[in-house]
Amino acid sequence: MTNYFAKEIKDILTDLKTNDSAGLSQDEVKNRLREYGYNKLDAKSKKTFLQMFFAQFKSFMIIILLIAALISGVVGIMEGEGLLDAFVILGILILNALVGAYQERKAESSLEALKNMASPEAKVLRDGMIMEVPTKELVPGDIVILETGSLIPADLRLMEAINLKVQESSLTGESVPVEKQTEILDMEDVPLGDRVNMAFSTGIVTYGRGRGIVVATGMKTEVGKIANLLQQTVDTETPMSKRLEQLGKILGIAALVICAVIFTVGVLYGNSVLQMFMTAVSLAVAAIPEGLPAVSTIVLAIGVQRMVKKNAIIRTLPSVETLGSATVICSDKTGTLTQNKMTVVEAYVNHKRDRINRANPASVLDDEESRLLSIAVLCADARSRINEDGGIDFTGDPTETALLDFGILYGVHKDDAEKEHPRITEIPFDSERKRMTTVNKLSENNTRINVKGGLDEVLSVCDKINVRGEIRSLDNKDMELIRKANEEMANSALRVLAMAYRDLLDAPGDVRIGEIERDLVFMGLLGMIDPARPEAVKAVEKCNTAGIRPVMITGDHKTTALAIAKQIGIFRTGDKAITGTELEKLSEEDLRNNIAEYSVYARVAPEHKVRIVKAWQSHDEVVAMTGDGVNDAPALKQADIGAAMGIVGTDVAKGAADMVLTDDNFATIVSAVEEGRRIYDNILKAIQFLLSTNVGEIFLLLITSVLNLGLPLLPIHILWVNLVTDSLPALALSMDPAEDNIMMRKPRKSKKRLMTKGLIFRVVYQGVMIGALPLAAYLIGLRDGGLILGQTMAFATLMFAQLVHVRNLHSNKKSSLAISPLENIPLIGAIAASAGLAFIVLLIAPVREAFHLTVMDGRHWIIVAVLSFIPILVVDIFKILKINYTKDEEYE
């Protein structure tokens with residue numbers, strides 16, 4: 001690509017065949033649009049709903065179930081029982097896929113609503129006239145007119161820059177606007193942030209005005225290059241999807257092994273091959289929790305909806321759970337941990353430093369403080385206005401908007417101040433003098449010269465000082481005290497401005513710099529910073545107690561980054577900070593080995609951020625990355641969970657992220673972590689509940705097959721229990737509230753298996769219990785009325801025992817009788833609904849006959865009821881004996 005920063009303006013005009021006084025013609029614009037295309041980023045081709053739907057069928061467990069559905073269909077036809085079993089399995093799989101695809105599409109639609117941040121039009125010179133055109137219609141060679149507040153619509157080579165400053169934080173991470181110029185940079189390799197004769201797409205003009213030639217549009221811009229880099233970043237698999245896939249494989253293999261064993265044993269007993277094939281299919285269906293994919297998907301979908309209410313849009317379902325496993329949060333500083341708003345926090349006047357108490361500002365200022373404030377407000381070009389919501393919007397350089405905000409804090413509004421003291425003349429700020437001067441009418445016959453700028457530049461034109469109302473000569477001791485205060489403020493990462501003035505009897509006749517900027521009275525200093533978000537301090541503290549390592553990654557200066565990091569608790573004793581330049585010198589191995597030592601990364605480039613994320617991931621850490629700028633996008637994509645800002649975030653960042661924070665609040669990601677942990681806990685409850693049913697069914701069928709006691713449950717019975725009776729309560733378990741200590745425990749390790757020893761123990765003993773109860777019912781029914789009564793009693797006992805057992809799942813320690821059912825009202829409804837469906841199958845004749853069941857008398861109903869309530873008694877005994885959980889579990 002051409003290095004336009006190293007080329008003369010006249011050469012660029014020639015190369016791009018344009019005219020600096022007339023611009024391009026409309027006909028030429030049309031030709032170039034055909035050649036270069038529209039000035040917009042290529043969106044990654046979106047998945048169709050059909051693609052999203054079929055993507056849900058990739059897991060091993062789902063594939064096994066599809067095979068089971070096929071076998072059920074074949075056996076159903078051979079037995080003359082139709083395709084009901086096959087259709088039931090396919091129905092639940094299709095429902096699961098529809099829910100997952102719908103949620104992904106809904107998240108994409110929510111993100112579309114956020115794409116209102118870019119300015120839709122730009123001022124250009126065409127056919128000798130200045131006009132406004134849609135930014136997407138800009139082409140290389142267009143001459144763009146820039147003024148304060150303008151969004152840079154494409155990459156420009158500046159040809160005119162009048163006190164021009166551009167905020168480029170979304171691209172470079174630099175929080176302070178960059179002063180622009182037009183002179184050639186006669187070097188081959190100039191870092192992006194130092195190309196001061198260029199203005200890049202997504203930048204914002206904060207001060208001054210200018211003109212520039214469009215040299216790159218769309219994907220050819222610097223922003224476009226980063227967008228293209230995103231396409232090369234591999235999507236990472238989430239912990240939940242890994243664990244469910246692992247569980248599915250185990251269950252699938254187990255099902256195949258058990259089927260083979262039972263089929264062989266049955267044939268050896270002399271049973272018909274077709275009957276044993278049917279039994280084997282029943283076992284296969286019993287071994288796999290058909291409802292688990294749907295329940296886990298819907299639980300995550302419910303979590304997504306809860307997150308929307310907490311100001312977070314989740315783009316993919318598993319991302320909610322991934323947050324719960326997060327062990328490291330790499331966060332951008334500007335606008336994420338800080339307010340992205342320069343704010344005056346300290347004043348130096350009367351040789352005394354004072355912190356500004358913004359929550360409770362002083363009601364009365366002394367004369368010197370009032371004068372310092374007046375100089376700050378009058379000697380600024382920024383503007384403020386009251387918006388529709390009654391708040392205040394600022395336009396202009398962030399340093400000056402901080403001064404206006406400081407004035408408003410003490411009741412001094414710029415418009416009112418200028419009405420009382422109108423500006424007569426001014427000498428604008430420039431990069432050589434590093435000062436700005438205004439002359440304002442003080443009274444009918446008096447004027448005041450107000451000056452602000454860098455300390456050395458202001459002191460060079462001062463010969464007096466105002467201390468407590470006494471104006472005296474500026475001596476060496478004064479200079480020493482002033483410089484000491486300036487150094488201390490600068491070491492606190494404050495940007496310091498000096499203020500001075502001189503009163504005149506009438507308006508100056510000579511407005512030359514040398515005549516006005518002389519013999520000034522030094523008034524004081526103001527220190528400002530982009531302050532930390534108050535809620536970020538609490539959020540970082542919560543991260544620390546939750547075992548999550550917060551890390552700051554920023555393009556800002558090391559001193560500023562360290563000051564903020566210390567303030568909010570990210571940088572602690574023993575931690576280190578490193579710059580991008582120092583990082584460049586580290587090998588991949590050195591970075592991996594020492595990554596845990598660094599809490600702050602300053603002056604980093606986009607590729608550095610990706611390296612940092614990868615280094616953490618090499619230690620099996622689950623990395624979350626928050627950010628808002630284009631420069632954050634590659635790391636957002638690489639991270640296990642990327643969280644982009646919704647308000648100030650760029651479209652590129654949002655497109656790369658897994659989650660979008662609609663309130664741009666760092667604290668929201670911590671709420672998301674908490675929600676992710678709650679959801680994970682509740683999914684484990686659902687897994688335990690569903691698997692205990694499967695183990696019970698396997699135990700029941702295994703015992704009866706080995707002992708040749710007949711078939712206690714038909715495939716349709718097992719499917720009904722797995723997909724209908726159990727699914728609603730399992731789903732309602734997702735509404736269980738979070739444990740009190742949920743953010744005081746360490747994150748679950750990403751490589752830790754889904755099935756912990758404690759979970760396996762509970763699934764096995766509770767499963768055997770759930771299987772033993774219908775086995776007892778089956779044997780009683782078999783003895784009293786034959787096979788069909790036995791199957792009916794086994795089926796009824798299995799359903800109702802499960803509905804009673806679900807109450808045991810609220811806690812591994814507390815008795816179910818000690819937990820109020822009102823803590824989870826949806827679960828009460830789910831139990832009632834499932835029980836109602838069970839009674840429909842057992843009591844309504846046509847349905848009962850379809851399920852090959854018979855009528856039970858009162859005695860057998862009582863037996864079923866007594867057996868169904870045994871799970872509460874058994875599990876509570878295990879809880880009382882403190883053997884319902886094991887020490888290896890990381891959660892309570």
# chains A, B, ... in the order shown; residues from 1 in each chain; ligands from 1
$ residues_around --residues "region 672-679 of chain A" --least-positions-apart "2" --cutoff "7 Å" --atoms "only C-alpha atoms" --output "VMD selection string"
chain A and resid 303 307 320 to 324 668 to 670 681 to 683 734 738 743
$ write_last_selection --atoms "C-alpha atoms" --output "JSON list (two decimals), in the first residue's frame"
[["chain", "number", "residue", "atom", "x", "y", "z"],
["A", 303, "GLY", "CA", -30.24, -17.00, 30.88],
["A", 307, "MET", "CA", -28.92, -11.01, 30.73],
["A", 320, "VAL", "CA", -23.41, -17.32, 29.05],
["A", 321, "GLU", "CA", -21.90, -20.40, 30.64],
["A", 322, "THR", "CA", -18.40, -19.55, 29.41],
["A", 323, "LEU", "CA", -18.54, -16.36, 31.47],
["A", 324, "GLY", "CA", -19.17, -18.48, 34.56],
["A", 668, "THR", "CA", -22.04, -5.59, 33.74],
["A", 669, "ILE", "CA", -19.50, -8.23, 32.77],
["A", 670, "VAL", "CA", -19.12, -9.16, 36.44],
["A", 681, "ASP", "CA", -24.97, -24.68, 38.64],
["A", 682, "ASN", "CA", -28.56, -25.07, 37.51],
["A", 683, "ILE", "CA", -27.58, -26.97, 34.37],
["A", 734, "SER", "CA", -32.95, -23.28, 35.82],
["A", 738, "ALA", "CA", -27.96, -18.33, 42.95],
["A", 743, "MET", "CA", -19.02, -15.08, 43.81]]
$ residues_around --residues "Ala493 (chain A)" --least-positions-apart "3" --cutoff "12 Å" --atoms "only C-alpha atoms" --output "list in words"
Val345, Glu346, Asn486, Glu487, Glu488, Met489, Ala490, Val496, Gly527, Met528, Ile529, Asp530, Pro531, Asp556, His557, Lys558, Thr559, Thr560, Ala561, Leu562, Ala563, Ile564, Ala565, Lys566 and Gln567 of chain A
$ closest_residue --among "A:Met187, A:Val695, A:Leu41, A:Val215" --to "Ala154 (chain A)" --atoms "only C-alpha atoms"
A:Val215
$ select_by_dssp --residues "region 466-687 of chain A" --states "helix (DSSP H, G or I)" --output "PyMOL selection string"
chain A and resi 476-491+513-516+534-545+558-568+580-584+588-597+606-617+630-638+651-656+666-687
$ atom_distance --atom1 "CA of Leu98 (chain A)" --atom2 "CA of Leu66 (chain A)"
15.9 Å
$ atom_distance --atom1 "CA of Arg495 (chain A)" --atom2 "CA of Leu455 (chain A)"
10.8 Å
$ closest_residue --among "A:Leu84, A:Met436, A:Leu700, A:Pro534" --to "Phe851 (chain A)" --atoms "only C-alpha atoms"
A:Leu84
$ residues_around --residues "Asp405 (chain A)" --least-positions-apart "4" --cutoff "12 Å" --atoms "only C-alpha atoms" --output "PyMOL selection string"
chain A and resi 341-345+358+373+376-377+380+382-385+391-395+398-401+409-414+528
$ select_by_dssp --residues "region 518-650 of chain A" --states "strand (DSSP E or B)" --output "number ranges by chain"
A: 520-529, 532, 549-553, 576-579, 598-602, 623-627, 641-645
$ decode --residues "region 795-814 of chain A" --atoms "N, CA and C atoms" --output "mmCIF file, in the first residue's frame"
data_model
loop_
_atom_site.group_PDB
_atom_site.id
_atom_site.type_symbol
_atom_site.label_atom_id
_atom_site.label_comp_id
_atom_site.auth_asym_id
_atom_site.auth_seq_id
_atom_site.Cartn_x
_atom_site.Cartn_y
_atom_site.Cartn_z
ATOM 1 N N PHE A 795 -44.267 -47.861 35.184
ATOM 2 C CA PHE A 795 -44.324 -46.576 34.476
ATOM 3 C C PHE A 795 -44.819 -45.459 35.398
ATOM 4 N N ALA A 796 -45.906 -45.709 36.143
ATOM 5 C CA ALA A 796 -46.481 -44.698 37.036
ATOM 6 C C ALA A 796 -45.508 -44.357 38.164
ATOM 7 N N THR A 797 -44.894 -45.387 38.759
ATOM 8 C CA THR A 797 -43.951 -45.141 39.868
ATOM 9 C C THR A 797 -42.744 -44.350 39.398
ATOM 10 N N LEU A 798 -42.218 -44.684 38.221
ATOM 11 C CA LEU A 798 -41.065 -43.965 37.687
ATOM 12 C C LEU A 798 -41.394 -42.483 37.494
ATOM 13 N N MET A 799 -42.570 -42.180 36.932
ATOM 14 C CA MET A 799 -42.954 -40.779 36.695
ATOM 15 C C MET A 799 -43.087 -40.005 37.996
ATOM 16 N N PHE A 800 -43.877 -40.538 38.934
ATOM 17 C CA PHE A 800 -44.168 -39.783 40.158
ATOM 18 C C PHE A 800 -42.960 -39.718 41.100
ATOM 19 N N ALA A 801 -42.155 -40.778 41.131
ATOM 20 C CA ALA A 801 -40.938 -40.744 41.952
ATOM 21 C C ALA A 801 -39.999 -39.643 41.469
ATOM 22 N N GLN A 802 -39.906 -39.481 40.148
ATOM 23 C CA GLN A 802 -39.073 -38.418 39.587
ATOM 24 C C GLN A 802 -39.593 -37.038 39.981
ATOM 25 N N LEU A 803 -40.908 -36.857 39.937
ATOM 26 C CA LEU A 803 -41.491 -35.551 40.274
ATOM 27 C C LEU A 803 -41.304 -35.212 41.750
ATOM 28 N N VAL A 804 -41.255 -36.216 42.592
ATOM 29 C CA VAL A 804 -40.952 -35.985 44.010
ATOM 30 C C VAL A 804 -39.458 -35.727 44.182
ATOM 31 N N HIS A 805 -38.658 -36.505 43.458
ATOM 32 C CA HIS A 805 -37.194 -36.413 43.591
ATOM 33 C C HIS A 805 -36.642 -35.040 43.181
ATOM 34 N N VAL A 806 -37.307 -34.343 42.274
ATOM 35 C CA VAL A 806 -36.768 -33.064 41.782
ATOM 36 C C VAL A 806 -36.592 -32.053 42.914
ATOM 37 N N ARG A 807 -37.391 -32.194 43.965
ATOM 38 C CA ARG A 807 -37.253 -31.270 45.108
ATOM 39 C C ARG A 807 -35.934 -31.481 45.857
ATOM 40 N N ASN A 808 -35.316 -32.651 45.684
ATOM 41 C CA ASN A 808 -34.029 -32.919 46.340
ATOM 42 C C ASN A 808 -32.885 -32.143 45.709
ATOM 43 N N LEU A 809 -33.109 -31.623 44.497
ATOM 44 C CA LEU A 809 -32.017 -31.048 43.708
ATOM 45 C C LEU A 809 -31.678 -29.602 44.048
ATOM 46 N N HIS A 810 -32.487 -28.935 44.879
ATOM 47 C CA HIS A 810 -32.222 -27.523 45.190
ATOM 48 C C HIS A 810 -30.858 -27.339 45.847
ATOM 49 N N SER A 811 -30.469 -28.259 46.683
ATOM 50 C CA SER A 811 -29.212 -28.139 47.413
ATOM 51 C C SER A 811 -28.651 -29.520 47.699
ATOM 52 N N ASN A 812 -27.322 -29.609 47.746
ATOM 53 C CA ASN A 812 -26.682 -30.875 48.092
ATOM 54 C C ASN A 812 -26.539 -31.054 49.596
ATOM 55 N N LYS A 813 -26.808 -29.975 50.359
ATOM 56 C CA LYS A 813 -26.634 -30.023 51.811
ATOM 57 C C LYS A 813 -27.952 -29.886 52.567
ATOM 58 N N LYS A 814 -28.741 -28.892 52.164
ATOM 59 C CA LYS A 814 -29.987 -28.611 52.887
ATOM 60 C C LYS A 814 -31.059 -29.641 52.566
#
